[in-house]
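Encoded as structure tokens, the structure appears first; notes follow it.
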Amino acid sequence: MIEPGTLEDLQDLGAYLRGHFLLTTKRHSDTFFILARLTEHPQRLKPWVAILQDKMKDIDAHTIVGPAMGGIIPAYALASMRDDARVIFAEKSETGIMVFRRGFRLEAGEQVIIIEDAMTTGSSILKVRDAVLEQGAHVSAVATLVNRSFDGQTPFRIPFFSVVDIPGIETWLPEECRLCRQGVPLSLPKQ
Ligand SMILES: [Zn+2]
């Protein structure tokens, strides 16, 4: 029996891979997370989101915001576990910032939770926070299913919640990569 909300659970789903990977940053790593392998199974995702909801039950927020694409399904799952919550999402603009489209609006002072599937540097969460603040709303908490920030530190002073923390994942420039030197074939897991 695999316990939900664990690395073993992710491994079983194929959401946590070990090997030799080319990242979108052009760096190489021996570890890759593809949380779509978790979020595509509602019944497997539900206990993960329930863990976050349990940790955040005292957080006052009416609106759940997920960055597209990875945050949308977790945001929907979280909102469905809270009384009278709505879910909206932010999308990347042509200039690389996060914006609300489709008529999504926040009221001044509205309390918001931002949720992402996996967080590495926190840069996309910071962009969503900026979009929330621009509308005069307030970020009450940030949540992620998988926290893989290098040293476990987050780049923001907002209450932060995660299900699993996997610090210390290394990445290398291609010329510094020991797996390249060993001749291990490189894979592109998102294709
Ligand atoms: Zn390599």
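For the structure tokens, the naming scheme is as follows: chains receive sequential letters (A, B, ...) according to their order of presentation, residues are indexed from 1 within each chain, and ligands are indexed from 1 in presentation order.
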Check the DSSP output for the backbone and give back, as a VMD selection string, the residues of chain A in strand (DSSP E). chain A and resid 16 to 22 28 to 33 63 to 67 86 to 92 98 to 100 111 to 119 138 to 147 160 to 165 171 to 172
Quick one: contact table of chain A to ligand 1, 8 Å max, nearest atom pair and distance in Å to one decimal per residue, counting only C-alpha atoms and all ligand atoms, chain and number order, as a tab-separated table?
```
residue	atom	partner	partner_atom_place_in_ligand_line	distance
A:His20	CA	ligand 1	1 (Zn)	6.2
A:Phe21	CA	ligand 1	1 (Zn)	7.0
A:Leu22	CA	ligand 1	1 (Zn)	7.2
A:Arg27	CA	ligand 1	1 (Zn)	7.8
A:His28	CA	ligand 1	1 (Zn)	4.9
A:Ser29	CA	ligand 1	1 (Zn)	6.9
A:Trp172	CA	ligand 1	1 (Zn)	7.3
A:Leu173	CA	ligand 1	1 (Zn)	7.6
A:Pro174	CA	ligand 1	1 (Zn)	5.1
A:Glu175	CA	ligand 1	1 (Zn)	7.6
A:Glu176	CA	ligand 1	1 (Zn)	7.7
A:Cys177	CA	ligand 1	1 (Zn)	4.5
A:Arg178	CA	ligand 1	1 (Zn)	6.5
A:Leu179	CA	ligand 1	1 (Zn)	4.9
A:Cys180	CA	ligand 1	1 (Zn)	4.0
A:Arg181	CA	ligand 1	1 (Zn)	7.4
A:Val184	CA	ligand 1	1 (Zn)	7.6
A:Leu186	CA	ligand 1	1 (Zn)	6.4
```
Based on the selection just made, write N, CA and C atoms of those residues as an mmCIF file, in the first residue's frame.
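Result saved to selection-v3.cif:
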```
data_model
loop_
_atom_site.group_PDB
_atom_site.id
_atom_site.type_symbol
_atom_site.label_atom_id
_atom_site.label_comp_id
_atom_site.auth_asym_id
_atom_site.auth_seq_id
_atom_site.Cartn_x
_atom_site.Cartn_y
_atom_site.Cartn_z
ATOM 1 N N HIS A 20 18.562 11.140 -16.718
ATOM 2 C CA HIS A 20 19.414 12.219 -17.227
ATOM 3 C C HIS A 20 18.522 13.095 -18.096
ATOM 4 N N PHE A 21 18.222 14.286 -17.600
ATOM 5 C CA PHE A 21 17.164 15.094 -18.219
ATOM 6 C C PHE A 21 17.659 16.471 -18.652
ATOM 7 N N LEU A 22 17.154 16.905 -19.799
ATOM 8 C CA LEU A 22 17.375 18.271 -20.252
ATOM 9 C C LEU A 22 16.194 19.112 -19.758
ATOM 10 N N ARG A 27 19.641 23.426 -18.560
ATOM 11 C CA ARG A 27 20.553 22.717 -17.663
ATOM 12 C C ARG A 27 20.166 21.238 -17.633
ATOM 13 N N HIS A 28 21.079 20.425 -17.092
ATOM 14 C CA HIS A 28 20.833 18.983 -16.987
ATOM 15 C C HIS A 28 20.601 18.604 -15.528
ATOM 16 N N SER A 29 19.830 17.537 -15.313
ATOM 17 C CA SER A 29 19.571 17.067 -13.958
ATOM 18 C C SER A 29 19.394 15.557 -13.966
ATOM 19 N N TRP A 172 23.016 20.988 -13.619
ATOM 20 C CA TRP A 172 24.349 21.325 -14.121
ATOM 21 C C TRP A 172 24.264 21.918 -15.511
ATOM 22 N N LEU A 173 25.238 22.787 -15.822
ATOM 23 C CA LEU A 173 25.415 23.213 -17.207
ATOM 24 C C LEU A 173 25.861 21.974 -17.988
ATOM 25 N N PRO A 174 25.495 21.860 -19.275
ATOM 26 C CA PRO A 174 25.852 20.663 -20.045
ATOM 27 C C PRO A 174 27.347 20.321 -19.938
ATOM 28 N N GLU A 175 28.199 21.354 -19.988
ATOM 29 C CA GLU A 175 29.647 21.086 -19.973
ATOM 30 C C GLU A 175 30.157 20.613 -18.606
ATOM 31 N N GLU A 176 29.317 20.801 -17.567
ATOM 32 C CA GLU A 176 29.728 20.360 -16.218
ATOM 33 C C GLU A 176 29.053 19.059 -15.820
ATOM 34 N N CYS A 177 28.233 18.473 -16.720
ATOM 35 C CA CYS A 177 27.349 17.380 -16.321
ATOM 36 C C CYS A 177 28.090 16.042 -16.301
ATOM 37 N N ARG A 178 28.085 15.388 -15.134
ATOM 38 C CA ARG A 178 28.801 14.110 -15.008
ATOM 39 C C ARG A 178 28.094 12.997 -15.774
ATOM 40 N N LEU A 179 26.768 13.117 -15.931
ATOM 41 C CA LEU A 179 26.025 12.091 -16.679
ATOM 42 C C LEU A 179 26.380 12.152 -18.169
ATOM 43 N N CYS A 180 26.601 13.378 -18.685
ATOM 44 C CA CYS A 180 27.080 13.523 -20.066
ATOM 45 C C CYS A 180 28.453 12.869 -20.207
ATOM 46 N N ARG A 181 29.334 13.123 -19.243
ATOM 47 C CA ARG A 181 30.684 12.546 -19.293
ATOM 48 C C ARG A 181 30.639 11.027 -19.279
ATOM 49 N N VAL A 184 25.600 8.814 -20.524
ATOM 50 C CA VAL A 184 24.207 8.428 -20.275
ATOM 51 C C VAL A 184 23.305 9.198 -21.254
ATOM 52 N N LEU A 186 20.567 11.428 -22.926
ATOM 53 C CA LEU A 186 19.800 12.548 -22.390
ATOM 54 C C LEU A 186 18.335 12.400 -22.827
#
```
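Going from atom CA of A:Thr154 to atom CA of A:Leu38 covers 23.2 Å.
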With only C-alpha atoms as the atoms that count, which of A:Glu3, A:Arg157, A:Val163, A:Asp54 lies nearest to A:Gly122? A:Arg157
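When only C-alpha atoms are used to compute distances to A:Ala36, the closest of the residues A:Pro155, A:Pro189, A:Gly19, A:Gly168 turns out to be A:Pro189.
Nearest to A:Leu45 of all the residues A:Ile113, A:Met1, A:Ala75, A:Val132 is A:Ala75, based on only C-alpha atoms.
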DSSP-assigned helix (DSSP H, G or I) among stretch 34-142 of chain A, expressed as a PyMOL selection string: chain A and resi 36-39+42-55+72-80+123-134
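Using only C-alpha atoms, the smallest distance between any of A:Glu116, A:Glu170, A:Asp84, A:Glu91 and A:Gly66 comes from A:Glu116.
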Skip A:Val128 itself and residues of its chain fewer than 6 positions away, then list as a list in words all residues within 9 Å of it, counting only C-alpha atoms. Val65, Gly66, Pro67, Phe89, Ala90, Glu91, Ile97, Met98, Val99 and Ile114 of chain A
Within 7 Å of stretch 102-108 of chain A, which residues of stretch 117-151 of chain A show up? Give each one with its shortest atom-to-atom distance in Å (one decimal) and the two atoms involved, counting only C-alpha atoms, rows by chain then rising residue number, as JSON lines.
```
{"residue": "A:Gln135", "atom": "CA", "partner": "A:Leu106", "partner_atom": "CA", "distance": 6.1}
{"residue": "A:Gly136", "atom": "CA", "partner": "A:Ala108", "partner_atom": "CA", "distance": 4.4}
{"residue": "A:Ala137", "atom": "CA", "partner": "A:Ala108", "partner_atom": "CA", "distance": 4.9}
```
Those residues you just picked out, can you put them in a file as an mmCIF file, in the first residue's frame with N, CA and C atoms?
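Listing of result_21.cif after writing:
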```
data_model
loop_
_atom_site.group_PDB
_atom_site.id
_atom_site.type_symbol
_atom_site.label_atom_id
_atom_site.label_comp_id
_atom_site.auth_asym_id
_atom_site.auth_seq_id
_atom_site.Cartn_x
_atom_site.Cartn_y
_atom_site.Cartn_z
ATOM 1 N N GLN A 135 -4.333 44.114 -8.364
ATOM 2 C CA GLN A 135 -5.785 44.334 -8.276
ATOM 3 C C GLN A 135 -6.211 44.763 -6.870
ATOM 4 N N GLY A 136 -5.222 44.965 -5.985
ATOM 5 C CA GLY A 136 -5.540 45.417 -4.629
ATOM 6 C C GLY A 136 -5.955 44.295 -3.697
ATOM 7 N N ALA A 137 -5.813 43.041 -4.143
ATOM 8 C CA ALA A 137 -6.160 41.896 -3.303
ATOM 9 C C ALA A 137 -4.956 41.481 -2.459
#
```
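The environment of A:Leu13 within 12 Å, counting only C-alpha atoms and disregarding residues fewer than 6 places along the same chain, consists of Ile2, Pro4, Gly5, Thr6, Leu7, Phe33, Ile34, Leu35, Ala36, Arg37, Leu38, Thr39, Glu40, His41, Arg44 and Leu45 of chain A.
Using only C-alpha atoms, the residues found no farther than 7 Å from A:Arg18, other than those of its own chain fewer than 6 positions away, are Asp30, Thr31 and Phe32 of chain A.
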Residues of the last selection are to be written out with C-alpha atoms, as a PDB file, in the first residue's frame.
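So out.pdb came out as:
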```
ATOM      1  CA  ASP A  30      19.305  13.471 -12.713  1.00  0.00           C
ATOM      2  CA  THR A  31      15.808  14.154 -11.342  1.00  0.00           C
ATOM      3  CA  PHE A  32      12.611  15.222 -13.078  1.00  0.00           C
TER       4      PHE A  32
END
```
Of the residues A:Ser140, A:Thr171, A:Thr24, A:Asn147, which is the one nearest to A:Lys57, using only C-alpha atoms? A:Ser140
Spatial neighbours of A:His138, max dist 7 Å, only C-alpha atoms, sep filter under 4 positions, as an mmCIF file with C-alpha atoms, in the first residue's frame:
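Result file selection36.cif:
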```
data_model
loop_
_atom_site.group_PDB
_atom_site.id
_atom_site.type_symbol
_atom_site.label_atom_id
_atom_site.label_comp_id
_atom_site.auth_asym_id
_atom_site.auth_seq_id
_atom_site.Cartn_x
_atom_site.Cartn_y
_atom_site.Cartn_z
ATOM 1 C CA GLY A 109 -8.800 43.470 -0.024
ATOM 2 C CA GLU A 110 -9.974 40.048 -1.261
ATOM 3 C CA GLN A 111 -8.060 37.184 0.402
ATOM 4 C CA VAL A 112 -6.393 34.762 -1.978
ATOM 5 C CA VAL A 132 -3.001 39.652 -7.317
ATOM 6 C CA LEU A 133 -1.491 42.708 -5.613
#
```
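Coordinates place atom CA of A:Phe100 at a distance of 28.6 Å from atom CA of A:Val164.
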As a ChimeraX atom specification, please: the residues near A:Ile115 (cut-off 12 Å, only C-alpha atoms, same-chain neighbours under 3 positions excluded). /A:49,52-53,56,63-79,87-90,112,118-119,122,124-126,128-129,139-147,159-163
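The residue that comes closest to A:Arg82, out of A:Arg101, A:His62, A:Arg148, A:Lys127 and on the basis of only C-alpha atoms, is A:His62.
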